[in-house]
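One structure below.
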Amino acid sequence: MADLHIQINRRKGGIAGQIAAELRASIRGGRLTPGTRLPATRDLATDLQVSRGVVVEAYEQLVAEGFLVSRVGAGTRVTPKNATRAAPGPRGSAPARPDPVRRAPSAQASPPHYGHRPTSPDLGHFPRERWLAAVRHVLTTVPSDALDYGDPGGVPELREELAAYLRRVRAADVRPEHLIIVGGVAQGLSLALHVLAQQRALRLAVEDPTSHRQVPLLRRAGAHLVPVPVDEQGLDVRRLSGDAVLVTPAHQFPTGVVLSPERRAALMEWAYAGRRVVLEDDYDAEFRFDRDPVGCLQGLAPDRVILSGSVSKALAPGLRLGWVAAPPDLAEAIRRARGELDLGSPVIEQYALAHFLRTGGYDKHLRRMRREYRRRRDALVEALAEQLPGVRVRGIEAGLHVYLELPRGWDESRTVLAALQLGLSAEPVGPMRELPGAAAVVVGFARLPAHKAAEAVRGLKVRMSGQTVD
């Protein structure tokens, strides 16, 4: 019988409709497969703490739509055939063959229960009340002229607060006038590469493996990519070539390793020797669990390093708030490019973040989430050690994901599919590589409650053994 992961918003109302929508999305996305038996209405009502009549209404709606079948003595099941509906193709075309890896994550209407991406934070913990207070403060205090077209580099108040924060927390060597507010790290990297590529044909060294989502972005910005392997000490600096390098020294994605002190020093030597640029993505720096995070590279070489960061992991990706700290000449060029492309970021959100930083709300939220994410990671790692000792957890205790090297004979695609069917957020590492490497997957834990970790790992163990899950 399926263990349903249903989220309902009691304040929103229409609970039966919400339950039906969640089940419908799970069927369409493949998490509830044809023939799967659903819990009895009384049992599901108890689990969700709603009346039985609400669940009956939801089931009846899906039976009427053809997603479920219900028979006396046989319970309620997902319709055995054609349960996962696909949009019809052109007349005469062959039906599309489903991609076992891409099917579930690409279904926009049915993200996995524990997160759409392995790198997503738990948005249920977004500090709504404090953020609302910050926005209210902005709307009642900033002058009307502050809402006009402003400096494309960002409002001065936010740049001042961010500069102070980065100096205090990340040991950065940055001044407000050398900061540019952007719509996240992706836009920051695009702007920086746009400026660098105008100066010369740009050969950009990138970590291998790396996020496959940013590769098109880097190429579109004008960079020719040169993959460089990552090992237990981070980027292998001895094999660097090119005019610039993009690196995630605080917590490399996807492997989870940190750039060693020796490699940090070697990277700075490489940069100074050829007057090269280091693009530092300060990825996951906020969430180091075993110790205080190592300071950013920019603090070592502010004239060679462009530092990019955002609040996407700390608060929410949807805010689209980030920053770039660059050497003075590059900072001005990036600010000018920002103005030429889109005139800057929304100012109300910038003022709100400045207030959030100034009043200590940002630090308080990070401390809370650091404790919670550590608890969730520990629970997942412990469950893996107990039930799947052949799966190797690689990387430091940090971030929102774990990098899992698979046992011999395990296939990345099949492992990811099994994880997705259990509601986990997971991705194969193979598409992130240009160079050969061991089979591995990335699994997010930020939205996986600690008390659910053992159950999820047990389900993965059963599925990978070729059995069925009760």
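Quick note on naming: the chains in the structure tokens go A, B, ... in the order shown, residues restart at 1 in each chain, and ligands are numbered from 1 in order of appearance.
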
- Query: If we count only C-alpha atoms, what is near region 286-300 of chain A at a cut-off of 6 Å, once residues fewer than 2 positions away on the same chain are taken out, given as a VMD selection string?
  - Reply: chain A and resid 170 to 173 284 302 305 370 397 to 399

Expected file: the selected residues, N, CA, C and O atoms, as an mmCIF file, in the first residue's frame:
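Okay, this is what ended up in result_35.cif:
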data_model
loop_
_atom_site.group_PDB
_atom_site.id
_atom_site.type_symbol
_atom_site.label_atom_id
_atom_site.label_comp_id
_atom_site.auth_asym_id
_atom_site.auth_seq_id
_atom_site.Cartn_x
_atom_site.Cartn_y
_atom_site.Cartn_z
ATOM 1 N N ARG A 170 32.262 36.335 5.930
ATOM 2 C CA ARG A 170 32.997 35.617 4.908
ATOM 3 C C ARG A 170 34.449 36.082 4.760
ATOM 4 O O ARG A 170 35.157 35.649 3.853
ATOM 5 N N ALA A 171 34.881 36.964 5.662
ATOM 6 C CA ALA A 171 36.257 37.484 5.632
ATOM 7 C C ALA A 171 36.592 38.091 4.276
ATOM 8 O O ALA A 171 37.727 38.002 3.799
ATOM 9 N N ALA A 172 35.608 38.716 3.649
ATOM 10 C CA ALA A 172 35.821 39.342 2.349
ATOM 11 C C ALA A 172 36.470 40.712 2.520
ATOM 12 O O ALA A 172 36.343 41.354 3.563
ATOM 13 N N ASP A 173 37.170 41.132 1.495
ATOM 14 C CA ASP A 173 37.782 42.460 1.464
ATOM 15 C C ASP A 173 37.025 43.264 0.407
ATOM 16 O O ASP A 173 37.413 43.323 -0.754
ATOM 17 N N ASP A 284 26.826 27.552 -0.864
ATOM 18 C CA ASP A 284 26.565 26.863 0.406
ATOM 19 C C ASP A 284 27.448 27.327 1.554
ATOM 20 O O ASP A 284 27.568 26.620 2.569
ATOM 21 N N PRO A 302 41.593 40.315 -3.483
ATOM 22 C CA PRO A 302 40.464 41.100 -3.980
ATOM 23 C C PRO A 302 40.694 41.709 -5.353
ATOM 24 O O PRO A 302 39.732 42.111 -6.021
ATOM 25 N N VAL A 305 39.919 38.236 -7.767
ATOM 26 C CA VAL A 305 38.745 37.377 -7.568
ATOM 27 C C VAL A 305 37.462 38.183 -7.711
ATOM 28 O O VAL A 305 37.338 39.290 -7.171
ATOM 29 N N ARG A 370 20.597 26.408 10.140
ATOM 30 C CA ARG A 370 21.827 25.620 10.232
ATOM 31 C C ARG A 370 21.621 24.425 11.173
ATOM 32 O O ARG A 370 22.044 23.308 10.891
ATOM 33 N N GLU A 397 30.528 18.029 5.918
ATOM 34 C CA GLU A 397 29.216 18.219 6.538
ATOM 35 C C GLU A 397 28.774 19.652 6.281
ATOM 36 O O GLU A 397 29.084 20.567 7.056
ATOM 37 N N ALA A 398 28.063 19.838 5.197
ATOM 38 C CA ALA A 398 27.665 21.191 4.801
ATOM 39 C C ALA A 398 26.559 21.121 3.770
ATOM 40 O O ALA A 398 26.254 20.065 3.217
ATOM 41 N N GLY A 399 25.971 22.297 3.492
ATOM 42 C CA GLY A 399 25.075 22.444 2.354
ATOM 43 C C GLY A 399 23.697 21.859 2.548
ATOM 44 O O GLY A 399 23.224 21.633 3.670
#

- Quick one: residues within 10 Å of Leu460 (chain A), only C-alpha atoms counted, chain neighbours fewer than 3 positions away excluded, as a list in words?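 Surrounding residues, per the criterion: Leu384, Gln387, Leu388, Thr415, Val416, Leu417, Ala418, Ala419, Leu420, Gln421, Leu422, Leu424, Ala454, Glu455, Ala456, Val457, Arg463, Met464, Ser465 and Val469 of chain A.
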
- Item | Selected residue, from A:Gly234, A:Pro118, A:Gly29, A:Pro407, that lies nearest to Arg263 (chain A) when counting only C-alpha atoms |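 Closest to Arg263 (chain A), using only C-alpha atoms: A:Gly234.
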
- Task: Can you pull out every residue within 9 Å of Leu380 (chain A), counting only C-alpha atoms, but drop anything in the same chain fewer than 2 positions away, and send it as a list in words?
- Result: Arg375, Arg376, Arg377, Asp378, Glu382, Ala383, Leu384, Ala385, Phe445, Leu448, Ala450, Lys452, Ala453, Ala454, Ala456 and Val457 of chain A

Go ahead and write the selection's residues with all heavy atoms as a CSV table (one decimal), in the first residue's frame.
chain,number,residue,atom,x,y,z
A,375,ARG,N,20.6,18.6,11.5
A,375,ARG,CA,19.8,17.4,12.1
A,375,ARG,C,19.3,16.5,10.9
A,375,ARG,O,19.3,15.3,11.0
A,375,ARG,CB,18.6,18.0,12.9
A,375,ARG,CG,18.0,17.0,13.8
A,375,ARG,CD,17.1,17.7,14.8
A,375,ARG,NE,16.0,18.4,14.2
A,375,ARG,CZ,14.8,17.8,14.0
A,375,ARG,NH1,14.6,16.5,14.4
A,375,ARG,NH2,13.8,18.4,13.4
A,376,ARG,N,18.8,17.1,9.8
A,376,ARG,CA,18.3,16.4,8.7
A,376,ARG,C,19.4,15.6,8.0
A,376,ARG,O,19.2,14.5,7.6
A,376,ARG,CB,17.5,17.3,7.8
A,376,ARG,CG,16.3,17.9,8.4
A,376,ARG,CD,15.5,18.8,7.5
A,376,ARG,NE,14.4,19.4,8.2
A,376,ARG,CZ,13.4,20.1,7.7
A,376,ARG,NH1,13.4,20.3,6.3
A,376,ARG,NH2,12.5,20.6,8.4
A,377,ARG,N,20.5,16.3,7.8
A,377,ARG,CA,21.7,15.6,7.2
A,377,ARG,C,22.2,14.4,8.0
A,377,ARG,O,22.4,13.3,7.5
A,377,ARG,CB,22.8,16.6,6.9
A,377,ARG,CG,24.0,15.9,6.1
A,377,ARG,CD,25.2,16.8,6.0
A,377,ARG,NE,26.2,16.3,5.1
A,377,ARG,CZ,27.1,15.4,5.5
A,377,ARG,NH1,27.1,14.9,6.7
A,377,ARG,NH2,28.0,14.9,4.6
A,378,ASP,N,22.3,14.6,9.3
A,378,ASP,CA,22.8,13.6,10.2
A,378,ASP,C,21.8,12.4,10.1
A,378,ASP,O,22.3,11.2,10.1
A,378,ASP,CB,22.9,14.1,11.6
A,378,ASP,CG,24.0,15.0,11.8
A,378,ASP,OD1,24.9,15.1,10.9
A,378,ASP,OD2,24.1,15.7,12.9
A,382,GLU,N,23.1,8.8,8.8
A,382,GLU,CA,23.0,7.7,9.7
A,382,GLU,C,22.2,6.5,9.1
A,382,GLU,O,22.6,5.3,9.2
A,382,GLU,CB,22.4,8.1,11.0
A,382,GLU,CG,22.3,7.0,12.1
A,382,GLU,CD,21.7,7.5,13.4
A,382,GLU,OE1,21.6,8.8,13.6
A,382,GLU,OE2,21.3,6.7,14.2
A,383,ALA,N,21.1,6.9,8.5
A,383,ALA,CA,20.3,5.8,7.9
A,383,ALA,C,21.0,5.1,6.7
A,383,ALA,O,20.9,3.9,6.6
A,383,ALA,CB,18.9,6.4,7.4
A,384,LEU,N,21.7,5.9,5.9
A,384,LEU,CA,22.5,5.2,4.9
A,384,LEU,C,23.6,4.3,5.4
A,384,LEU,O,23.8,3.2,4.9
A,384,LEU,CB,23.1,6.3,4.0
A,384,LEU,CG,22.2,7.1,3.1
A,384,LEU,CD1,22.8,8.4,2.6
A,384,LEU,CD2,21.7,6.3,1.9
A,385,ALA,N,24.2,4.7,6.5
A,385,ALA,CA,25.3,3.9,7.0
A,385,ALA,C,24.7,2.6,7.6
A,385,ALA,O,25.4,1.5,7.5
A,385,ALA,CB,26.0,4.7,8.1
A,445,PHE,N,18.5,16.9,1.1
A,445,PHE,CA,18.0,16.6,2.4
A,445,PHE,C,17.3,17.7,3.1
A,445,PHE,O,16.7,17.6,4.1
A,445,PHE,CB,19.1,16.0,3.3
A,445,PHE,CG,20.2,17.0,3.6
A,445,PHE,CD1,20.1,18.0,4.5
A,445,PHE,CD2,21.4,16.8,2.9
A,445,PHE,CE1,21.2,18.9,4.7
A,445,PHE,CE2,22.5,17.7,3.1
A,445,PHE,CZ,22.3,18.7,4.0
A,448,LEU,N,13.7,17.0,3.7
A,448,LEU,CA,13.4,15.6,4.2
A,448,LEU,C,13.4,15.7,5.7
A,448,LEU,O,14.5,15.8,6.3
A,448,LEU,CB,14.5,14.7,3.7
A,448,LEU,CG,14.4,13.2,4.2
A,448,LEU,CD1,13.1,12.6,3.8
A,448,LEU,CD2,15.6,12.4,3.8
A,450,ALA,N,13.8,14.8,9.5
A,450,ALA,CA,14.7,13.8,10.1
A,450,ALA,C,14.0,12.5,10.4
A,450,ALA,O,14.6,11.4,10.2
A,450,ALA,CB,15.3,14.4,11.4
A,452,LYS,N,11.8,11.0,8.8
A,452,LYS,CA,11.4,10.3,7.6
A,452,LYS,C,12.6,9.7,6.9
A,452,LYS,O,12.5,9.0,5.9
A,452,LYS,CB,10.7,11.2,6.7
A,452,LYS,CG,9.3,11.6,7.1
A,452,LYS,CD,8.3,10.5,6.9
A,452,LYS,CE,6.9,10.9,7.1
A,452,LYS,NZ,5.9,9.8,6.8
A,453,ALA,N,13.8,10.0,7.4
A,453,ALA,CA,15.0,9.6,6.7
A,453,ALA,C,15.2,8.1,6.6
A,453,ALA,O,15.4,7.5,5.5
A,453,ALA,CB,16.2,10.3,7.3
A,454,ALA,N,15.0,7.4,7.8
A,454,ALA,CA,15.2,6.0,7.8
A,454,ALA,C,14.2,5.3,6.9
A,454,ALA,O,14.5,4.3,6.2
A,454,ALA,CB,15.1,5.5,9.2
A,456,ALA,N,12.8,6.5,4.2
A,456,ALA,CA,13.1,6.8,2.8
A,456,ALA,C,14.3,5.9,2.4
A,456,ALA,O,14.2,5.3,1.3
A,456,ALA,CB,13.5,8.2,2.6
A,457,VAL,N,15.3,5.7,3.2
A,457,VAL,CA,16.4,4.9,2.9
A,457,VAL,C,16.0,3.4,2.8
A,457,VAL,O,16.5,2.7,1.9
A,457,VAL,CB,17.6,5.1,3.9
A,457,VAL,CG1,18.7,4.2,3.6
A,457,VAL,CG2,18.1,6.6,3.7

- Among the residues of region 208-420 of chain A, find those DSSP assigns to strand (DSSP E or B) from the backbone and print them as a PyMOL selection string. chain A and resi 208+223-231+234-235+244-247+277-281+288+305-310+322-325+392-394+398+401-405

Extract, using only C-alpha atoms, all DNA, RNA and protein residues at most 12 Å from Ala45 (chain A), discarding same-chain residues fewer than 3 positions from it, and format them as a compact mmCIF listing (two decimals) with C-alpha atoms, in the first residue's frame.
# COMPACT_ATOMS: atom_id res chain seq x y z
CA LEU A 4 1.22 9.05 0.55
CA ILE A 6 0.31 14.92 0.92
CA ILE A 15 -9.10 20.57 1.65
CA ALA A 16 -10.76 17.87 -0.49
CA ILE A 19 -5.94 16.27 -1.53
CA PRO A 39 -4.87 3.85 2.00
CA ALA A 40 -8.40 3.39 3.26
CA THR A 41 -10.27 6.69 3.56
CA ARG A 42 -10.44 6.36 7.34
CA LEU A 48 -4.04 14.07 7.63
CA GLN A 49 -6.19 14.97 10.66
CA VAL A 50 -9.25 15.70 8.54
CA SER A 51 -12.73 14.21 8.48
CA ARG A 52 -13.26 10.97 6.57
CA GLY A 53 -15.85 12.69 4.39
CA VAL A 54 -13.19 15.04 3.03
CA VAL A 55 -11.04 12.11 1.87
CA VAL A 56 -14.07 10.32 0.44
CA GLU A 57 -14.87 13.43 -1.59
CA ALA A 58 -11.32 13.61 -2.94
CA TYR A 59 -11.30 9.91 -3.88

- Message: Can you pull out the residues contacting Arg408 (chain A)? Cut-off 9 Å, using only C-alpha atoms, and skip same-chain residues under 2 positions away; I want them as JSON, numbers by chain.
- Response: {"A": [390, 406, 410, 411, 439]}

- Message: One decimal, in Å: what's the spacing between CA of Leu179 (chain A) and CA of Leu330 (chain A)?
- Response: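 CA of Leu330 (chain A) lies at a distance of 10.4 Å from CA of Leu179 (chain A).
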
- Query: Hey, what's within 10 Å of Arg220 (chain A) if we count only C-alpha atoms and toss same-chain stuff fewer than 5 positions away? As a PyMOL selection string, please?
  - Reply: chain A and resi 190+193-194+214-215

Write the selection just made, keeping N, CA and C atoms, as an mmCIF file, in the first residue's frame?
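Okay, this is what ended up in result-v6.cif:
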data_model
loop_
_atom_site.group_PDB
_atom_site.id
_atom_site.type_symbol
_atom_site.label_atom_id
_atom_site.label_comp_id
_atom_site.auth_asym_id
_atom_site.auth_seq_id
_atom_site.Cartn_x
_atom_site.Cartn_y
_atom_site.Cartn_z
ATOM 1 N N SER A 190 26.820 35.640 -15.391
ATOM 2 C CA SER A 190 26.592 36.047 -16.780
ATOM 3 C C SER A 190 27.154 37.438 -17.042
ATOM 4 N N LEU A 193 31.080 37.355 -16.964
ATOM 5 C CA LEU A 193 31.633 36.731 -18.165
ATOM 6 C C LEU A 193 31.387 37.605 -19.393
ATOM 7 N N HIS A 194 30.252 38.268 -19.423
ATOM 8 C CA HIS A 194 29.964 39.192 -20.525
ATOM 9 C C HIS A 194 31.047 40.266 -20.614
ATOM 10 N N GLN A 214 24.198 25.191 -15.293
ATOM 11 C CA GLN A 214 24.871 26.454 -15.566
ATOM 12 C C GLN A 214 25.749 26.413 -16.807
ATOM 13 N N VAL A 215 25.977 25.232 -17.370
ATOM 14 C CA VAL A 215 26.837 25.138 -18.554
ATOM 15 C C VAL A 215 26.291 25.950 -19.724
#

- Message: Calculated over only C-alpha atoms, which of the candidates A:Val63, A:Arg304, A:Pro216, A:Ala201 has the smallest distance to Ala273 (chain A)?
- Response: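 Once distances to Ala273 (chain A) are computed over only C-alpha atoms, the minimum belongs to A:Arg304.
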
- Message: Could you list, as a ChimeraX atom specification, every residue within 7 Å of region 72-81 of chain A, counting only C-alpha atoms and ignoring same-chain residues fewer than 6 positions away?
- Response: /A:33-38,66

- Task: Could you please determine the separation between CA of Asp231 (chain A) and CA of Ala379 (chain A) in Å, to one decimal place?
- Result: 25.8 Å
